[in-house]
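upload-v3.cif (mmCIF, C-alpha atoms)
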data_upload
#
loop_
_atom_site.label_atom_id
_atom_site.label_comp_id
_atom_site.auth_asym_id
_atom_site.auth_seq_id
_atom_site.Cartn_x
_atom_site.Cartn_y
_atom_site.Cartn_z
CA MET A 1 0.00 0.00 0.00
CA PRO A 2 1.40 3.48 -0.88
CA HIS A 3 2.63 5.64 2.01
CA LEU A 4 -0.03 8.13 3.08
CA PRO A 5 1.19 11.69 3.79
CA GLU A 6 1.09 13.35 7.17
CA PRO A 7 -1.99 15.55 7.74
CA GLY A 8 -1.49 18.88 6.05
CA ALA A 9 1.32 17.65 3.80
CA ARG A 10 0.78 17.63 0.06
CA PRO A 11 1.67 14.22 -1.47
CA HIS A 12 4.13 14.43 -4.32
CA GLY A 13 2.31 14.03 -7.63
CA CYS A 14 -1.04 13.44 -5.92
CA VAL A 15 -4.40 14.07 -7.60
CA LEU A 16 -7.76 14.03 -5.83
CA TRP A 17 -10.76 12.97 -7.89
CA LYS A 18 -13.89 14.26 -6.16
CA ASN A 19 -17.60 13.43 -6.27
CA LEU A 20 -17.58 10.19 -8.21
CA ARG A 21 -19.76 7.11 -7.87
CA ILE A 22 -17.68 3.95 -8.09
CA VAL A 23 -19.53 0.94 -9.43
CA PRO A 24 -18.56 -1.92 -7.08
CA PRO A 25 -17.85 -5.49 -8.25
CA GLY A 26 -21.05 -7.51 -8.40
CA TRP A 27 -23.25 -4.39 -8.60
CA ARG A 28 -26.87 -5.32 -9.11
CA SER A 29 -29.08 -2.34 -8.39
CA GLY A 30 -29.48 0.72 -6.22
CA LEU A 31 -27.67 4.02 -5.91
CA VAL A 32 -23.91 4.21 -5.71
CA PRO A 33 -22.80 6.67 -2.98
CA LEU A 34 -20.56 9.64 -3.67
CA CYS A 35 -16.90 9.19 -2.86
CA ASP A 36 -13.49 10.74 -3.44
CA LEU A 37 -10.42 8.96 -4.79
CA ALA A 38 -6.80 10.06 -4.39
CA VAL A 39 -4.10 8.96 -6.81
CA GLU A 40 -0.43 9.05 -5.92
CA GLY A 41 1.92 8.08 -8.70
CA LEU A 42 0.45 5.14 -10.60
CA ARG A 43 -1.82 3.83 -7.84
CA ILE A 44 -4.83 4.63 -5.72
CA ALA A 45 -3.62 6.04 -2.39
CA TRP A 46 -6.95 6.79 -0.70
CA LEU A 47 -10.61 6.02 -1.32
CA GLY A 48 -13.52 7.02 0.87
CA ALA A 49 -16.64 9.07 1.41
CA ALA A 50 -16.86 12.39 -0.42
CA GLY A 51 -15.31 15.24 1.52
CA GLN A 52 -13.52 12.95 3.97
CA ALA A 53 -10.06 12.77 2.38
CA PRO A 54 -7.12 13.62 4.67
CA ALA A 55 -6.08 17.26 4.60
CA GLY A 56 -3.00 16.57 2.52
CA PHE A 57 -5.10 15.12 -0.25
CA GLN A 58 -7.58 18.00 -0.03
CA ALA A 59 -4.69 20.31 -0.89
CA ALA A 60 -3.67 18.29 -3.91
CA LEU A 61 -4.60 18.91 -7.54
CA GLN A 62 -8.32 18.24 -7.74
CA HIS A 63 -10.83 17.17 -10.38
CA ASP A 64 -14.54 17.36 -9.58
CA LEU A 65 -16.50 14.75 -11.56
CA GLY A 66 -19.89 16.05 -10.42
CA GLY A 67 -21.33 12.68 -9.40
CA ALA A 68 -20.32 10.80 -12.55
CA LEU A 69 -20.32 7.01 -12.50
CA VAL A 70 -16.84 5.47 -12.53
CA THR A 71 -15.78 1.89 -13.27
CA PRO A 72 -12.33 0.32 -13.44
CA GLY A 73 -10.79 0.83 -16.85
CA LEU A 74 -12.26 -1.74 -19.23
CA ILE A 75 -10.04 -4.63 -20.32
CA ASP A 76 -10.27 -6.44 -23.66
CA CYS A 77 -8.52 -9.69 -22.76
CA HIS A 78 -8.76 -11.54 -26.10
CA THR A 79 -8.10 -9.80 -29.43
CA HIS A 80 -6.40 -10.41 -32.77
CA LEU A 81 -6.09 -6.66 -33.30
CA VAL A 82 -3.07 -6.76 -35.63
CA HIS A 83 -3.83 -8.27 -39.03
CA GLY A 84 -3.85 -7.49 -42.72
CA GLY A 85 -6.90 -7.30 -44.95
CA GLN A 86 -10.52 -8.15 -44.25
CA ARG A 87 -12.83 -11.06 -45.02
CA ALA A 88 -16.18 -9.53 -45.91
CA ASN A 89 -16.47 -11.95 -48.83
CA GLU A 90 -16.43 -14.89 -46.42
CA PHE A 91 -19.19 -13.23 -44.44
CA ALA A 92 -21.26 -13.25 -47.63
CA LEU A 93 -20.42 -16.94 -48.22
CA ARG A 94 -21.60 -17.87 -44.74
CA LEU A 95 -24.84 -16.00 -45.35
CA ALA A 96 -25.24 -18.16 -48.45
CA GLY A 97 -24.90 -21.31 -46.37
CA ALA A 98 -21.19 -22.15 -46.16
CA SER A 99 -19.89 -23.13 -42.72
CA TYR A 100 -16.75 -21.78 -41.04
CA GLU A 101 -15.16 -25.21 -41.51
CA ASP A 102 -16.14 -25.31 -45.22
CA ILE A 103 -14.50 -21.95 -45.86
CA ALA A 104 -11.35 -22.94 -43.96
CA ARG A 105 -10.97 -26.17 -45.93
CA GLN A 106 -11.28 -24.23 -49.22
CA GLY A 107 -8.28 -22.04 -48.39
CA GLY A 108 -10.24 -19.26 -46.73
CA GLY A 109 -10.55 -18.53 -43.06
CA ILE A 110 -7.41 -17.88 -41.09
CA VAL A 111 -5.15 -18.74 -44.03
CA SER A 112 -6.58 -15.90 -46.14
CA SER A 113 -5.71 -13.46 -43.38
CA VAL A 114 -2.24 -15.01 -43.25
CA ARG A 115 -1.68 -14.13 -46.90
CA ALA A 116 -2.77 -10.52 -46.34
CA THR A 117 -0.72 -10.14 -43.17
CA ARG A 118 2.42 -11.56 -44.74
CA ALA A 119 2.04 -9.12 -47.63
CA ALA A 120 1.63 -6.02 -45.43
CA ASP A 121 4.62 -4.11 -44.11
CA GLU A 122 4.96 -3.27 -40.42
CA ASP A 123 3.93 0.39 -40.74
CA THR A 124 0.77 -0.53 -42.65
CA LEU A 125 -0.20 -3.08 -40.00
CA PHE A 126 0.51 -0.50 -37.29
CA GLN A 127 -1.66 2.21 -38.84
CA GLN A 128 -4.55 -0.19 -39.43
CA ALA A 129 -4.39 -1.59 -35.91
CA LEU A 130 -4.10 1.88 -34.38
CA LYS A 131 -7.56 2.78 -35.70
CA ARG A 132 -9.03 -0.31 -34.07
CA LEU A 133 -7.24 0.41 -30.82
CA ASP A 134 -8.48 4.00 -30.75
CA ALA A 135 -12.06 2.80 -31.20
CA LEU A 136 -11.67 0.59 -28.13
CA ARG A 137 -9.99 3.34 -26.12
CA ALA A 138 -12.92 5.64 -26.84
CA GLU A 139 -15.07 3.15 -24.92
CA GLY A 140 -12.99 3.22 -21.76
CA VAL A 141 -10.53 0.42 -22.55
CA THR A 142 -7.24 0.91 -20.68
CA ALA A 143 -5.70 -2.57 -21.15
CA ILE A 144 -5.76 -5.04 -23.99
CA GLU A 145 -4.33 -8.37 -25.07
CA ILE A 146 -3.11 -8.67 -28.67
CA LYS A 147 -2.35 -12.05 -30.23
CA SER A 148 -0.18 -12.92 -33.18
CA GLY A 149 -1.22 -15.87 -35.33
CA TYR A 150 -1.77 -14.42 -38.79
CA GLY A 151 1.87 -14.85 -39.78
CA LEU A 152 2.54 -18.55 -39.20
CA ASP A 153 6.21 -17.97 -40.03
CA LEU A 154 8.90 -16.42 -37.87
CA ASP A 155 9.27 -13.15 -39.75
CA THR A 156 5.57 -12.33 -39.88
CA GLU A 157 4.85 -13.43 -36.31
CA ARG A 158 7.72 -11.17 -35.24
CA LYS A 159 6.27 -8.34 -37.31
CA MET A 160 2.86 -8.68 -35.66
CA LEU A 161 4.26 -8.77 -32.14
CA ARG A 162 6.49 -5.76 -32.85
CA VAL A 163 3.40 -3.85 -33.98
CA ALA A 164 1.59 -4.84 -30.79
CA ARG A 165 4.48 -3.50 -28.71
CA ARG A 166 4.49 -0.28 -30.77
CA LEU A 167 0.79 0.22 -30.11
CA GLY A 168 1.48 0.18 -26.38
CA GLU A 169 4.15 2.81 -26.87
CA ALA A 170 2.05 5.01 -29.15
CA ARG A 171 -1.04 5.14 -26.93
CA PRO A 172 -1.59 5.25 -23.15
CA VAL A 173 -2.92 1.71 -22.91
CA THR A 174 -1.46 -1.44 -21.36
CA VAL A 175 -0.76 -4.01 -24.10
CA ARG A 176 -0.07 -7.66 -23.33
CA THR A 177 1.20 -9.76 -26.22
CA THR A 178 0.32 -13.40 -26.85
CA PHE A 179 2.18 -15.64 -29.29
CA LEU A 180 -0.39 -17.68 -31.23
CA GLY A 181 1.87 -19.33 -33.78
CA ALA A 182 -0.28 -22.47 -33.43
CA HIS A 183 -3.36 -20.73 -34.83
CA ALA A 184 -3.65 -22.64 -38.10
CA LEU A 185 -1.56 -24.79 -40.39
CA PRO A 186 0.19 -22.64 -43.02
CA PRO A 187 -0.16 -23.78 -46.64
CA GLU A 188 3.50 -24.69 -46.94
CA TYR A 189 3.04 -27.23 -44.12
CA ALA A 190 -0.08 -28.90 -45.53
CA GLY A 191 -0.23 -32.49 -44.26
CA ARG A 192 2.71 -31.87 -41.92
CA ALA A 193 1.12 -30.51 -38.76
CA ASP A 194 3.65 -32.16 -36.43
CA ASP A 195 6.52 -30.60 -38.36
CA TYR A 196 4.90 -27.20 -38.05
CA ILE A 197 4.47 -27.66 -34.29
CA ASP A 198 8.21 -28.44 -34.20
CA LEU A 199 8.83 -25.06 -35.84
CA VAL A 200 6.52 -23.27 -33.40
CA CYS A 201 8.05 -24.86 -30.30
CA ASN A 202 11.71 -25.09 -31.25
CA VAL A 203 12.32 -22.09 -33.49
CA MET A 204 9.61 -19.43 -33.39
CA LEU A 205 8.80 -19.38 -29.68
CA PRO A 206 12.42 -19.31 -28.44
CA ALA A 207 13.40 -16.58 -30.89
CA LEU A 208 10.43 -14.33 -30.14
CA ASP A 209 10.68 -14.85 -26.41
CA ASP A 210 14.41 -14.04 -26.46
CA GLU A 211 13.54 -10.78 -28.23
CA GLY A 212 11.12 -9.83 -25.43
CA LEU A 213 8.05 -9.94 -27.65
CA VAL A 214 6.02 -12.61 -25.82
CA ASP A 215 4.02 -12.27 -22.58
CA ALA A 216 1.92 -15.42 -23.01
CA VAL A 217 1.38 -18.33 -25.42
CA ASP A 218 -1.91 -19.54 -26.93
CA VAL A 219 -2.92 -22.46 -29.15
CA PHE A 220 -6.06 -23.22 -31.18
CA CYS A 221 -7.09 -26.70 -30.03
CA GLU A 222 -9.79 -27.74 -32.49
CA GLY A 223 -10.53 -30.10 -35.36
CA ILE A 224 -9.57 -27.42 -37.87
CA GLY A 225 -6.69 -26.34 -35.66
CA PHE A 226 -4.44 -28.64 -33.66
CA SER A 227 -4.96 -31.88 -31.79
CA LEU A 228 -4.71 -32.37 -28.05
CA ALA A 229 -1.26 -33.90 -28.40
CA GLN A 230 -0.01 -31.08 -30.62
CA SER A 231 -1.55 -28.46 -28.34
CA GLU A 232 0.13 -30.03 -25.33
CA ARG A 233 3.51 -29.74 -27.00
CA VAL A 234 2.94 -25.98 -27.34
CA LEU A 235 1.93 -25.69 -23.69
CA GLN A 236 4.99 -27.66 -22.65
CA ALA A 237 7.32 -25.47 -24.70
CA ALA A 238 5.84 -22.30 -23.20
CA THR A 239 5.95 -23.68 -19.66
CA ARG A 240 9.62 -24.61 -20.02
CA ARG A 241 10.33 -20.95 -20.74
CA GLY A 242 8.26 -19.74 -17.80
CA LEU A 243 5.59 -18.14 -19.98
CA ALA A 244 1.90 -17.95 -19.12
CA VAL A 245 -0.38 -20.08 -21.28
CA LYS A 246 -3.98 -19.95 -22.49
CA MET A 247 -6.03 -21.84 -25.06
CA HIS A 248 -8.72 -21.48 -27.69
CA ALA A 249 -10.83 -24.43 -26.54
CA GLU A 250 -14.16 -26.16 -27.15
CA GLN A 251 -15.36 -23.59 -29.70
CA LEU A 252 -16.60 -25.89 -32.44
CA SER A 253 -16.48 -29.26 -30.69
CA LEU A 254 -15.63 -30.91 -27.37
CA MET A 255 -12.00 -32.01 -27.51
CA GLY A 256 -10.97 -31.70 -23.87
CA GLY A 257 -8.80 -28.66 -24.48
CA ALA A 258 -9.99 -26.79 -21.39
CA ALA A 259 -9.05 -29.69 -19.10
CA LEU A 260 -5.67 -29.96 -20.83
CA ALA A 261 -5.04 -26.25 -20.33
CA ALA A 262 -5.98 -26.62 -16.67
CA ARG A 263 -3.24 -29.21 -16.18
CA TYR A 264 -0.73 -26.56 -17.22
CA GLY A 265 -2.17 -23.84 -14.99
CA ALA A 266 -3.44 -21.76 -17.90
CA LEU A 267 -4.70 -18.23 -17.32
CA SER A 268 -7.82 -18.93 -19.35
CA ALA A 269 -9.66 -21.10 -21.81
CA ASP A 270 -11.51 -19.09 -24.44
CA HIS A 271 -14.72 -19.55 -26.49
CA LEU A 272 -15.97 -22.69 -24.65
CA GLU A 273 -19.31 -23.16 -26.40
CA TRP A 274 -18.94 -26.96 -26.02
CA LEU A 275 -17.37 -27.06 -22.54
CA ASP A 276 -18.49 -30.02 -20.41
CA ASP A 277 -18.72 -30.60 -16.68
CA ALA A 278 -15.29 -32.20 -16.41
CA GLY A 279 -13.70 -29.26 -18.19
CA ALA A 280 -15.46 -26.73 -15.98
CA GLN A 281 -14.37 -28.55 -12.83
CA ALA A 282 -10.79 -28.68 -14.04
CA MET A 283 -10.83 -24.97 -14.81
CA ARG A 284 -12.14 -24.13 -11.34
CA GLN A 285 -9.55 -26.27 -9.63
CA ALA A 286 -6.79 -24.62 -11.67
CA GLY A 287 -8.08 -21.12 -10.93
CA MET A 288 -8.67 -20.40 -14.61
CA VAL A 289 -10.93 -17.79 -16.19
CA ALA A 290 -13.53 -18.63 -18.85
CA VAL A 291 -13.27 -16.01 -21.60
CA LEU A 292 -16.47 -15.84 -23.62
CA LEU A 293 -16.57 -14.17 -27.02
CA PRO A 294 -20.13 -13.20 -27.93
CA GLY A 295 -19.02 -11.35 -31.06
CA ALA A 296 -17.78 -14.56 -32.67
CA TYR A 297 -20.86 -16.47 -31.49
CA TYR A 298 -23.10 -13.83 -33.09
CA PHE A 299 -21.08 -13.36 -36.27
CA LEU A 300 -20.91 -17.09 -36.98
CA ARG A 301 -24.64 -17.38 -36.25
CA ASP A 302 -23.85 -20.09 -33.74
CA THR A 303 -26.71 -21.73 -31.87
CA HIS A 304 -24.77 -23.61 -29.19
CA VAL A 305 -24.70 -21.17 -26.27
CA PRO A 306 -21.72 -21.38 -23.89
CA PRO A 307 -22.71 -23.23 -20.70
CA ILE A 308 -23.24 -20.22 -18.44
CA GLU A 309 -25.08 -22.17 -15.76
CA LEU A 310 -22.32 -24.77 -15.68
CA LEU A 311 -19.69 -22.07 -15.17
CA ARG A 312 -21.80 -20.43 -12.46
CA ARG A 313 -22.35 -23.73 -10.68
CA HIS A 314 -18.65 -24.50 -10.55
CA GLY A 315 -17.68 -20.93 -9.68
CA VAL A 316 -15.54 -20.35 -12.76
CA PRO A 317 -15.00 -16.59 -13.27
CA ILE A 318 -16.35 -15.36 -16.61
CA ALA A 319 -14.60 -12.72 -18.68
CA LEU A 320 -15.79 -11.14 -21.92
CA ALA A 321 -13.78 -9.86 -24.87
CA THR A 322 -14.26 -8.63 -28.42
CA ASP A 323 -12.15 -11.33 -30.13
CA CYS A 324 -11.47 -8.51 -32.62
CA ASN A 325 -10.40 -10.32 -35.79
CA PRO A 326 -11.11 -10.13 -39.52
CA GLY A 327 -12.92 -13.42 -39.97
CA THR A 328 -15.26 -14.19 -37.09
CA SER A 329 -15.59 -11.04 -34.98
CA PRO A 330 -14.72 -7.77 -36.74
CA ALA A 331 -15.72 -5.92 -33.57
CA THR A 332 -14.09 -2.90 -31.96
CA SER A 333 -16.77 -2.28 -29.31
CA LEU A 334 -16.35 -3.94 -25.94
CA LEU A 335 -19.59 -2.31 -24.77
CA LEU A 336 -21.45 -4.08 -27.56
CA MET A 337 -20.03 -7.35 -26.19
CA LEU A 338 -21.69 -6.51 -22.85
CA ASN A 339 -25.03 -6.16 -24.58
CA MET A 340 -24.55 -9.38 -26.54
CA ALA A 341 -23.50 -11.32 -23.45
CA CYS A 342 -26.64 -10.18 -21.65
CA THR A 343 -29.04 -10.75 -24.56
CA LEU A 344 -27.53 -13.86 -26.20
CA PHE A 345 -25.97 -15.61 -23.20
CA ARG A 346 -28.45 -14.39 -20.56
CA MET A 347 -25.70 -13.03 -18.35
CA THR A 348 -26.62 -10.39 -15.78
CA VAL A 349 -25.36 -6.82 -16.03
CA ALA A 350 -23.22 -7.44 -12.94
CA GLU A 351 -21.63 -10.50 -14.52
CA ALA A 352 -20.98 -8.63 -17.75
CA LEU A 353 -19.34 -5.68 -15.97
CA ASP A 354 -17.13 -7.97 -13.92
CA GLY A 355 -16.35 -9.77 -17.17
CA VAL A 356 -14.65 -6.71 -18.67
CA THR A 357 -12.99 -5.53 -15.45
CA CYS A 358 -11.85 -7.80 -12.62
CA HIS A 359 -12.28 -11.16 -14.36
CA ALA A 360 -10.75 -9.85 -17.58
CA ALA A 361 -7.77 -8.63 -15.55
CA ASP A 362 -7.29 -12.10 -14.12
CA ALA A 363 -7.44 -13.58 -17.63
CA LEU A 364 -4.80 -11.05 -18.73
CA GLY A 365 -2.46 -12.15 -15.94
CA CYS A 366 -0.68 -8.79 -15.75
CA VAL A 367 0.58 -7.55 -12.38
CA GLY A 368 -0.03 -3.92 -13.39
CA VAL A 369 -3.70 -4.46 -14.27
CA SER A 370 -6.24 -5.46 -11.60
CA GLY A 371 -9.63 -4.38 -12.93
CA ARG A 372 -10.50 -3.23 -9.41
CA LEU A 373 -10.65 0.15 -7.68
CA ALA A 374 -9.12 -0.10 -4.22
CA VAL A 375 -6.24 1.38 -2.27
CA GLY A 376 -2.93 0.04 -3.57
CA HIS A 377 -4.37 -0.96 -6.93
CA PRO A 378 -3.45 0.67 -10.26
CA ALA A 379 -5.23 3.94 -10.92
CA ASP A 380 -6.99 2.76 -14.09
CA PHE A 381 -10.61 3.91 -14.37
CA ALA A 382 -13.24 5.15 -16.79
CA VAL A 383 -15.71 8.00 -16.26
CA TRP A 384 -19.16 7.62 -17.80
CA ASP A 385 -22.00 9.96 -18.83
CA ILE A 386 -24.74 7.65 -17.60
CA ASP A 387 -27.19 7.50 -14.71
CA SER A 388 -27.09 3.75 -14.05
CA PRO A 389 -24.38 1.09 -14.53
CA ALA A 390 -26.96 -0.94 -16.47
CA GLU A 391 -26.66 1.59 -19.29
CA LEU A 392 -23.21 0.23 -20.11
CA ALA A 393 -24.90 -2.95 -21.34
CA TYR A 394 -28.03 -1.19 -22.61
CA TRP A 395 -26.95 1.37 -25.19
CA MET A 396 -25.77 0.17 -28.60
CA GLY A 397 -23.63 2.63 -30.53
CA LEU A 398 -24.16 5.68 -28.31
CA PRO A 399 -20.81 7.01 -27.01
CA ARG A 400 -20.93 7.23 -23.22
CA CYS A 401 -17.30 7.39 -22.07
CA ARG A 402 -16.34 10.86 -20.88
CA MET A 403 -12.79 10.09 -19.89
CA SER A 404 -10.39 7.31 -18.98
CA VAL A 405 -7.43 7.38 -16.63
CA ARG A 406 -4.55 4.92 -16.87
CA GLN A 407 -1.82 4.68 -14.25
CA GLY A 408 -2.99 7.96 -12.75
CA SER A 409 -2.92 10.07 -15.92
CA ILE A 410 -5.76 10.99 -18.27
CA ALA A 411 -5.53 8.58 -21.21
CA PHE A 412 -8.64 9.54 -23.17
CA GLN A 413 -11.01 12.48 -23.07
CA SER A 414 -14.13 12.76 -25.16
CA THR A 415 -14.47 15.74 -27.46
CA ARG A 416 -18.26 15.69 -27.20
#
Here is a file; write its structure as structure tokens.
Amino acid sequence: MPHLPEPGARPHGCVLWKNLRIVPPGWRSGLVPLCDLAVEGLRIAWLGAAGQAPAGFQAALQHDLGGALVTPGLIDCHTHLVHGGQRANEFALRLAGASYEDIARQGGGIVSSVRATRAADEDTLFQQALKRLDALRAEGVTAIEIKSGYGLDLDTERKMLRVARRLGEARPVTVRTTFLGAHALPPEYAGRADDYIDLVCNVMLPALDDEGLVDAVDVFCEGIGFSLAQSERVLQAATRRGLAVKMHAEQLSLMGGAALAARYGALSADHLEWLDDAGAQAMRQAGMVAVLLPGAYYFLRDTHVPPIELLRRHGVPIALATDCNPGTSPATSLLLMLNMACTLFRMTVAEALDGVTCHAADALGCVGVSGRLAVGHPADFAVWDIDSPAELAYWMGLPRCRMSVRQGSIAFQSTR
């Protein structure tokens, strides 16, 4: 906990945010009382009833928010933000009856994005991704995960991860990078999936990790992705290097990926439409987060709803994310994901809000991001022009974020 100043002393670099209403974790209904929040350096130094801050904080630089609702900064914990091209033509094919698997087997899907990403230079990828990132920031996002996985060779995977790092330098947002080399089988390795996994584990991962580009490692465990045995090799390679792991699991079928990820202490298993009881139990015992991606569910016109009641029953924390990607969730609105989670998955507003704050932070696995507003925690929060927290899941397309603060400094301010 930060040192609190003596009464009457002005803390160095302290800012007092006055007259705000902090939405607590698990909020369900009722008024949120007025409070004040003091920030010292990068963290929250004091939080309490309005007008009750110690004298030293009262003398600090002050911002009066006039009773505005405040949440922790929103966290998008699963994105493929950096990629080349778009796949609107595949969207049209699916509308005409083709399945995601059909398109993938015909050379579309992830492989078509691989071609576009390989062809794009780093600056082009950066400028395209920056627009997507700015759209998310305008909705109160202060932390984000960005995966690779549209390169499927060392040079392009490196290029994607370098762009992700640049985004975190260009904008006041916390960026966590995830190496997803095992996202799909590149055309040059057709029929040689085990050889490609050798490349991922023995060449790509060590090189990218040595260059400081990797915070975590992911793998797409699925019939059109990689088998359980191949996925386990990726998890083993990451674990040997001390890297956090996560998994795309049980999206299109039940393969046991979530339970496998649990054995390696994964941060999360993501998608999970086909998760079973054994997988949910394993996730709970491993302390994992279930990351649900309603944008992909909606965009693919899926009908197999993730097992929300199963996750509730076993006490598995649920996070939500955009899954921003060109093929199955071209979404840059985390607030829209709240609405979709409530309407399509029947989640409560409280569950949805926790899903993009505290539970998303746990899925991110970053020490500097907590998704909670409390003394000693990072000073990351969003200020909203709304009367009720339920409005965050209610409005669709109406900008509501007035301001966001990241690590104690204003990161975004609306021009409205």
Taking all atoms of region 285-290 of chain A that the file lists, what box with edges along x, y and z, padded by 5 Å per side, do you get, with centre and edge lengths in Å to one decimal, as AutoDock Vina command-line options?
--center_x -10.2 --center_y -22.0 --center_z -14.2 --size_x 16.7 --size_y 18.5 --size_z 19.2
Compute the distance from (-22.4, -31.0, -18.1) to each atom, counting only C-alpha atoms, keep the residues with any atom at most 7 Å away, and return them as a tab-separated table (two decimals) with C-alpha atoms, in the coordinates of the input; use the coordinates of the file.
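Okay, this is what ended up in point.tsv:
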chain	number	residue	atom	x	y	z
A	276	ASP	CA	-18.49	-30.02	-20.41
A	277	ASP	CA	-18.72	-30.60	-16.68
A	310	LEU	CA	-22.32	-24.77	-15.68
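Considering all atoms listed in the file, the residue among A:Asp210, A:Glu232, A:Glu273, A:Glu157 positioned nearest to Val305 (chain A) is A:Glu273.
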- Residues in the PyMOL selection byres ((chain A and resi 394-408) around 6), expressed as a ChimeraX atom specification: /A:42,139-140,378-385,391-393,409-414
- Test item: residues at most 8 Å from region 211-223 of chain A, all atoms listed in the file, excluding those fewer than 6 positions along its chain, as a PyMOL selection string: chain A and resi 158+161-162+165+176-184+231+234-235+238+243-253+255+257
- Task: Figure out the distance between CA of His80 (chain A) and CA of Lys147 (chain A), please, to one decimal in Å.
- Result: 5.1 Å
Can you fill out region 169-174 of chain A with all heavy atoms and hand it back as a PDB file, in the coordinates of the input?
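Saved the output as part-v3.pdb:
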ATOM      1  N   GLU A 169       3.289   1.646 -27.002  1.00  0.00           N
ATOM      2  CA  GLU A 169       4.150   2.810 -26.870  1.00  0.00           C
ATOM      3  C   GLU A 169       3.497   4.065 -27.448  1.00  0.00           C
ATOM      4  O   GLU A 169       3.746   5.175 -26.980  1.00  0.00           O
ATOM      5  CB  GLU A 169       5.482   2.548 -27.581  1.00  0.00           C
ATOM      6  CG  GLU A 169       6.290   1.418 -26.954  1.00  0.00           C
ATOM      7  CD  GLU A 169       7.416   0.932 -27.863  1.00  0.00           C
ATOM      8  OE1 GLU A 169       7.525   1.456 -28.998  1.00  0.00           O
ATOM      9  OE2 GLU A 169       8.174   0.043 -27.452  1.00  0.00           O
ATOM     10  N   ALA A 170       2.659   3.875 -28.463  1.00  0.00           N
ATOM     11  CA  ALA A 170       2.050   5.010 -29.150  1.00  0.00           C
ATOM     12  C   ALA A 170       0.821   5.554 -28.431  1.00  0.00           C
ATOM     13  O   ALA A 170       0.436   6.708 -28.632  1.00  0.00           O
ATOM     14  CB  ALA A 170       1.673   4.616 -30.582  1.00  0.00           C
ATOM     15  N   ARG A 171       0.174   4.732 -27.621  1.00  0.00           N
ATOM     16  CA  ARG A 171      -1.040   5.140 -26.930  1.00  0.00           C
ATOM     17  C   ARG A 171      -0.939   4.774 -25.449  1.00  0.00           C
ATOM     18  O   ARG A 171      -0.296   3.790 -25.092  1.00  0.00           O
ATOM     19  CB  ARG A 171      -2.261   4.439 -27.545  1.00  0.00           C
ATOM     20  CG  ARG A 171      -2.600   4.872 -28.962  1.00  0.00           C
ATOM     21  CD  ARG A 171      -3.111   6.301 -28.983  1.00  0.00           C
ATOM     22  NE  ARG A 171      -3.634   6.663 -30.292  1.00  0.00           N
ATOM     23  CZ  ARG A 171      -2.921   7.283 -31.252  1.00  0.00           C
ATOM     24  NH1 ARG A 171      -1.647   7.574 -31.029  1.00  0.00           N
ATOM     25  NH2 ARG A 171      -3.493   7.589 -32.407  1.00  0.00           N
ATOM     26  N   PRO A 172      -1.600   5.557 -24.582  1.00  0.00           N
ATOM     27  CA  PRO A 172      -1.590   5.250 -23.150  1.00  0.00           C
ATOM     28  C   PRO A 172      -2.543   4.112 -22.816  1.00  0.00           C
ATOM     29  O   PRO A 172      -3.644   4.302 -22.284  1.00  0.00           O
ATOM     30  CB  PRO A 172      -2.026   6.574 -22.512  1.00  0.00           C
ATOM     31  CG  PRO A 172      -2.887   7.222 -23.547  1.00  0.00           C
ATOM     32  CD  PRO A 172      -2.295   6.829 -24.874  1.00  0.00           C
ATOM     33  N   VAL A 173      -2.132   2.909 -23.160  1.00  0.00           N
ATOM     34  CA  VAL A 173      -2.920   1.710 -22.910  1.00  0.00           C
ATOM     35  C   VAL A 173      -1.945   0.575 -22.613  1.00  0.00           C
ATOM     36  O   VAL A 173      -0.849   0.522 -23.181  1.00  0.00           O
ATOM     37  CB  VAL A 173      -3.810   1.362 -24.130  1.00  0.00           C
ATOM     38  CG1 VAL A 173      -2.979   1.127 -25.374  1.00  0.00           C
ATOM     39  CG2 VAL A 173      -4.706   0.172 -23.847  1.00  0.00           C
ATOM     40  N   THR A 174      -2.302  -0.293 -21.681  1.00  0.00           N
ATOM     41  CA  THR A 174      -1.460  -1.440 -21.360  1.00  0.00           C
ATOM     42  C   THR A 174      -1.712  -2.540 -22.390  1.00  0.00           C
ATOM     43  O   THR A 174      -2.846  -2.979 -22.569  1.00  0.00           O
ATOM     44  CB  THR A 174      -1.778  -1.975 -19.954  1.00  0.00           C
ATOM     45  OG1 THR A 174      -1.544  -0.925 -18.997  1.00  0.00           O
ATOM     46  CG2 THR A 174      -0.907  -3.168 -19.619  1.00  0.00           C
TER      47      THR A 174
END
